[in-house]
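Novice: One structure follows; several queries about it will come next.
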Amino acid sequence: MDFLVTHAPILIVALPLVAAFVIPLISIGRAGDRGRDIFSLAVFAFIAFLVAILVQNVHTVGIRVYTFGATAPELALPHGYMVPVRIIFEVDSMSIFMGIIVTTVALAALIYSLHFMKGQTGQARFYSLMFLLYAAMMGLAFTGDMFNLFVFLEIASIAGAGLAAYRTNMAEAVEGGFKYIVISAISALLVLFAIGILYAQYNVLSIAAIAHYMQYTTLDMIALGLLAGAFVIKLAGAPLHMWAPDTYTVAPAGATPIILAASYMSMYALYRVTFTMYGGQIDTTAIGWIVIIVGVLSMFIGVMMAVHQTDIKRMMAYHAISQGGYMLLGVGVGLAVLADPVALANYGRDAMTGGIFHIINHVFYKALLFMTAEAIFFRIGTRDTNKMGGLARNMKWTTAFYVIGALAISGIPPFNGFASKLLIYETVLKFSPVLSVIAMFVSLVTLASFAKVFYAAFTGPELPAFREVREVPKSMIIGMSILAACIIFLGLFPGLVVDNIVAPATNALIDQAGYINAVMGAVP
Amino acid sequence: MEHVAGNFPFVASALLIGIAFYIILFKRNLIKLIMGIAMMSSGVNLFIVALGYRTGGNAPIYTDVPPGPMVLSVPQALTLTSIVINVAVLALMLTMVIHTYRLTGDIDSEKSRKLKG
């Protein structure tokens, strides 16, 4: 048990990485498919158990530093060295918060895929890529140095693009995957260039060490611009969101939620860089306003593009962009008042908490919605809402899950979207009433847009073409019900969740000194 | 003049990245777009290798080291990793272009496009 606690950070990344390459081997042979399904579930259950251990551990002892190749994993600075030269993982409350989100969604997606993928070719590669993407995302959350951030970003891009283009018999799927890999490659190269600039000045790659020595010269400003630009592309922020609808639409259902979660890992990287690495140095008001403007633009453009979509998944993808705007708005307000202790205590911290809380809420309900959309596609073979109708008669579970997701995304109590949106409205109102009004307006349009699809797809007379449509298989229902249960739990007990996992994550972002000291503690 | 010569690699990498951006933004042939990304990665790699160069430094091979300072080999290690990753990315992109060509009969980004709105 002690071994597991000590080595949990590396095991969580290494196990899925190994599993990804073992899966194709297991799939060979006659009993391969069943063996692979069982193996994947078993490995993933164990990884989820390790994540739970690590959550508990970080909750009790605070920031965990894991040094590779050191005599003891806690030894970030070798004797006689002033800078951390080894590769380190640094797990704080914010990292583990992202870990919880990614693990839950990946578990639901994995179970959902068991039936969804049945009978398709190349299943082994599908599960391989899923594990690879999961490993990359956990690596992104845990990494303590900039270069591994780049490496995990690239692994996530390659695996994500492979998953998005999984249905290579459809030209749309290949196109969506290609767009994803192109923008990912460009943004990753921008990140690498910025890392070069930072390394040239400080001769270190560790995030904590760079933050410790940060001078905020002109070169650092350029590096910040490159990093922020790259991450905004990858999280589908407003003017650079063009890839997201295409990629989310074409990816198979099990993969879409994970690719969605991967885009919020870029958001995590953006926060890590602005708060932890540049934290005390930058003009937080100006940067905060830039984040707010990107957020408001994403909210508005996303929802306006979503309203008139007829492809159900594309509509949801545009809503994903719009909901990403809420997160940026909340955290942007916190960043804008970071230097002002009174305003920060008054509403800034709560605004950030709202923005971060919205990540977990949004990933859960949007993953659920994507899954319901793909469940419909699975049964009737079209995503066009104009061709659907009366599906509630035969697909009762799917309808129920869609309603839960739609109410949650529109911010209707008692579902989880309401909890975080209310927190964002309240706090942003104190910062700037106009922004709060825009946020509420966007939420109304969201409700309208989902209600429209509900009436088009699920209600109305029974269409003759769909008389024989049946409910989706069990594993898909189980996958969706995991997420639905999470949504209802988060909606009923938001206080519990905020106090225990969200607020610590906010504090971890604000507490730059704590992050630096965990690695650089011995250095004066 | 010496100053210019010392900065030559940086000028070259800036040029490479600039040209690559032009290709990526304005060329409609998907193969050319991939070539643009390859150029961009070369530019970034050149930048990092150039950062690691120290005049008069020795390669950090401990068994047979001449007197004088040794160079920290981190930038070289970074470049090597980045080259490997970029090979994977470029290979994946090329397979996707082959699929696009088979399915749509075109590799012009405007003509092979299916997803709109």
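Each chain in the structure tokens gets a letter, A, B and so on, in the order shown; residues start at 1 in every chain, and ligands are counted from 1 in the order they appear.
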Give the strand (DSSP E or B) residues of chain B, as DSSP finds them on the backbone, and put them as a list in words.
Specialist: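 Strand (DSSP E or B) members of chain B, listed: Asn29, Asn58, Met70 and Asp108 of chain B.
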Novice: Which chain B residues have any atom within 8 Å of an atom of chain A, and for each, what is the nearest pair of atoms with distance in Å to one decimal, counting only C-alpha atoms, rows sorted by chain and number, as CSV?
Specialist:
```
residue,atom,partner,partner_atom,distance
B:Ile37,CA,A:Ile186,CA,7.0
B:Met40,CA,A:Leu189,CA,7.5
B:Ser41,CA,A:Leu189,CA,6.4
B:Val44,CA,A:Phe193,CA,5.8
B:Phe47,CA,A:Gly196,CA,7.4
B:Ile48,CA,A:Gly196,CA,5.7
B:Leu51,CA,A:Ala200,CA,6.4
B:Leu78,CA,A:Phe147,CA,7.6
B:Ser82,CA,A:Val151,CA,7.9
B:Ile85,CA,A:Glu154,CA,7.2
B:Ala88,CA,A:Ile158,CA,7.9
B:Val89,CA,A:Ile158,CA,6.5
B:Leu92,CA,A:Ile158,CA,7.6
B:Met93,CA,A:Phe178,CA,6.5
B:Met96,CA,A:Val174,CA,6.1
B:Val97,CA,A:Phe178,CA,7.8
B:His99,CA,A:Val174,CA,7.0
B:Thr100,CA,A:Ala171,CA,6.0
B:Leu103,CA,A:Ala171,CA,5.7
B:Thr104,CA,A:Ala171,CA,6.8
B:Arg113,CA,A:Glu175,CA,7.4
B:Lys114,CA,A:Glu172,CA,5.8
B:Leu115,CA,A:Glu172,CA,6.4
B:Gly117,CA,A:Gln309,CA,8.0
```
Novice: List as a PyMOL selection string the protein and nucleic acid residues near A:Val5, meaning an atom at most 9 Å away when only C-alpha atoms are counted, but skip any in the same chain fewer than 5 places from it.
Specialist: chain A and resi 50+53-54+57
Novice: Using the selection just defined, write its residues with N, CA and C atoms as a tab-separated table (two decimals), in the first residue's frame.
Specialist:
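Result written to selection.tsv:
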```
chain	number	residue	atom	x	y	z
A	50	LEU	N	-5.91	3.92	-8.19
A	50	LEU	CA	-4.69	4.68	-7.89
A	50	LEU	C	-5.00	6.17	-7.83
A	53	ILE	N	-6.49	6.93	-4.56
A	53	ILE	CA	-5.46	6.98	-3.52
A	53	ILE	C	-4.74	8.32	-3.55
A	54	LEU	N	-4.39	8.74	-4.77
A	54	LEU	CA	-3.62	9.98	-4.90
A	54	LEU	C	-4.46	11.19	-4.48
A	57	ASN	N	-4.35	11.26	-0.86
A	57	ASN	CA	-3.01	11.61	-0.41
A	57	ASN	C	-2.74	13.11	-0.55
```
Novice: What gap, in Å, lies between atom CA of A:Ile111 and atom CA of A:Asp37?
Specialist: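 Atom-to-atom, atom CA of A:Ile111 and atom CA of A:Asp37 are spaced 9.1 Å apart.
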Novice: For B:Pro60, find every residue with an atom within 8 Å (counting only C-alpha atoms), except residues of its own chain fewer than 4 positions away, and show them as a PyMOL selection string.
Specialist: chain B and resi 65+70-73
Novice: Need the shell around stretch 471-488 of chain A: protein/DNA/RNA residues with any atom at most 9 Å away, counting only C-alpha atoms. Skip same-chain ones fewer than 5 positions apart. Format as a PyMOL selection string?
Specialist: chain A and resi 104-105+107-116+361+364-365+367-369+371-372+375-376+378-379+394-398+401+404-405+408+414-417+493
Novice: What is the distance, in Å and to one decimal place, between atom CA of A:Pro252 and atom CA of A:Leu133?
Specialist: 14.3 Å
Novice: In Å, rounded to a single decimal, give me how far atom CA of A:Val232 is from atom CA of A:Lys313.
Specialist: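 So the answer is 22.1 Å.
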Novice: I need the alpha helix (DSSP H) residues of chain B per DSSP on the backbone, written as an MDAnalysis selection string.
Specialist: chainID B and resid 2:26 30:52 74:104
Novice: Go ahead and save the residues from that selection, with C-alpha atoms, as an mmCIF file, in the first residue's frame.
Specialist:
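Writing the result to again.cif gives the following:
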```cif
data_model
loop_
_atom_site.group_PDB
_atom_site.id
_atom_site.type_symbol
_atom_site.label_atom_id
_atom_site.label_comp_id
_atom_site.auth_asym_id
_atom_site.auth_seq_id
_atom_site.Cartn_x
_atom_site.Cartn_y
_atom_site.Cartn_z
ATOM 1 C CA GLU B 2 31.267 38.495 -35.912
ATOM 2 C CA HIS B 3 28.039 39.524 -34.237
ATOM 3 C CA VAL B 4 26.089 38.748 -37.391
ATOM 4 C CA ALA B 5 27.777 35.381 -37.839
ATOM 5 C CA GLY B 6 26.924 34.392 -34.270
ATOM 6 C CA ASN B 7 23.276 35.168 -34.812
ATOM 7 C CA PHE B 8 23.041 33.531 -38.201
ATOM 8 C CA PRO B 9 21.317 30.345 -36.960
ATOM 9 C CA PHE B 10 18.638 32.419 -35.238
ATOM 10 C CA VAL B 11 17.999 34.461 -38.379
ATOM 11 C CA ALA B 12 17.758 31.222 -40.352
ATOM 12 C CA SER B 13 15.285 29.677 -37.919
ATOM 13 C CA ALA B 14 13.180 32.853 -37.906
ATOM 14 C CA LEU B 15 13.115 32.780 -41.719
ATOM 15 C CA LEU B 16 12.161 29.106 -41.763
ATOM 16 C CA ILE B 17 9.307 29.654 -39.318
ATOM 17 C CA GLY B 18 8.122 32.743 -41.206
ATOM 18 C CA ILE B 19 8.066 30.966 -44.567
ATOM 19 C CA ALA B 20 6.396 27.968 -42.937
ATOM 20 C CA PHE B 21 3.615 30.181 -41.571
ATOM 21 C CA TYR B 22 3.075 31.655 -45.030
ATOM 22 C CA ILE B 23 2.809 28.149 -46.524
ATOM 23 C CA ILE B 24 0.438 26.892 -43.831
ATOM 24 C CA LEU B 25 -1.876 29.880 -44.121
ATOM 25 C CA PHE B 26 -1.986 30.409 -47.879
ATOM 26 C CA LEU B 30 -2.582 19.534 -48.250
ATOM 27 C CA ILE B 31 0.841 18.042 -49.040
ATOM 28 C CA LYS B 32 2.295 21.539 -49.175
ATOM 29 C CA LEU B 33 0.638 22.315 -45.876
ATOM 30 C CA ILE B 34 2.376 19.303 -44.354
ATOM 31 C CA MET B 35 5.651 20.481 -45.842
ATOM 32 C CA GLY B 36 5.030 23.821 -44.159
ATOM 33 C CA ILE B 37 4.619 22.126 -40.796
ATOM 34 C CA ALA B 38 7.800 20.108 -41.402
ATOM 35 C CA MET B 39 9.640 23.353 -42.155
ATOM 36 C CA MET B 40 8.262 24.950 -39.045
ATOM 37 C CA SER B 41 9.470 22.080 -36.903
ATOM 38 C CA SER B 42 12.902 22.319 -38.534
ATOM 39 C CA GLY B 43 12.980 26.006 -37.714
ATOM 40 C CA VAL B 44 12.104 25.416 -34.066
ATOM 41 C CA ASN B 45 14.610 22.556 -33.794
ATOM 42 C CA LEU B 46 17.332 24.722 -35.321
ATOM 43 C CA PHE B 47 16.506 27.432 -32.808
ATOM 44 C CA ILE B 48 16.922 25.078 -29.854
ATOM 45 C CA VAL B 49 20.133 23.500 -31.171
ATOM 46 C CA ALA B 50 21.575 26.951 -31.790
ATOM 47 C CA LEU B 51 20.778 27.893 -28.197
ATOM 48 C CA GLY B 52 22.826 24.946 -26.971
ATOM 49 C CA VAL B 74 19.803 19.319 -22.605
ATOM 50 C CA PRO B 75 19.015 21.284 -25.819
ATOM 51 C CA GLN B 76 20.320 18.423 -27.952
ATOM 52 C CA ALA B 77 18.196 15.963 -26.017
ATOM 53 C CA LEU B 78 15.161 18.200 -26.469
ATOM 54 C CA THR B 79 15.766 18.481 -30.201
ATOM 55 C CA LEU B 80 16.144 14.744 -30.583
ATOM 56 C CA THR B 81 12.844 14.144 -28.777
ATOM 57 C CA SER B 82 11.124 16.814 -30.816
ATOM 58 C CA ILE B 83 12.417 15.325 -34.101
ATOM 59 C CA VAL B 84 11.070 11.904 -33.156
ATOM 60 C CA ILE B 85 7.685 13.322 -32.198
ATOM 61 C CA ASN B 86 7.486 15.316 -35.407
ATOM 62 C CA VAL B 87 8.202 12.240 -37.505
ATOM 63 C CA ALA B 88 5.170 10.608 -35.876
ATOM 64 C CA VAL B 89 3.004 13.671 -36.434
ATOM 65 C CA LEU B 90 4.025 14.044 -40.080
ATOM 66 C CA ALA B 91 3.497 10.355 -40.768
ATOM 67 C CA LEU B 92 0.016 10.504 -39.276
ATOM 68 C CA MET B 93 -0.815 13.588 -41.339
ATOM 69 C CA LEU B 94 0.365 11.930 -44.540
ATOM 70 C CA THR B 95 -1.777 8.855 -43.911
ATOM 71 C CA MET B 96 -4.757 11.125 -43.424
ATOM 72 C CA VAL B 97 -4.037 12.919 -46.688
ATOM 73 C CA ILE B 98 -3.871 9.560 -48.469
ATOM 74 C CA HIS B 99 -7.284 8.677 -47.022
ATOM 75 C CA THR B 100 -8.660 12.054 -48.062
ATOM 76 C CA TYR B 101 -7.367 11.553 -51.580
ATOM 77 C CA ARG B 102 -8.900 8.078 -51.831
ATOM 78 C CA LEU B 103 -12.265 9.201 -50.527
ATOM 79 C CA THR B 104 -12.658 12.535 -52.269
#
```
Novice: Given the choices A:Ala457, A:Ile510, A:Met146, A:Val61, which gets closest to A:Ala208 if the distance is worked out from only C-alpha atoms?
Specialist: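 Smallest separation from A:Ala208 among the options: A:Met146.
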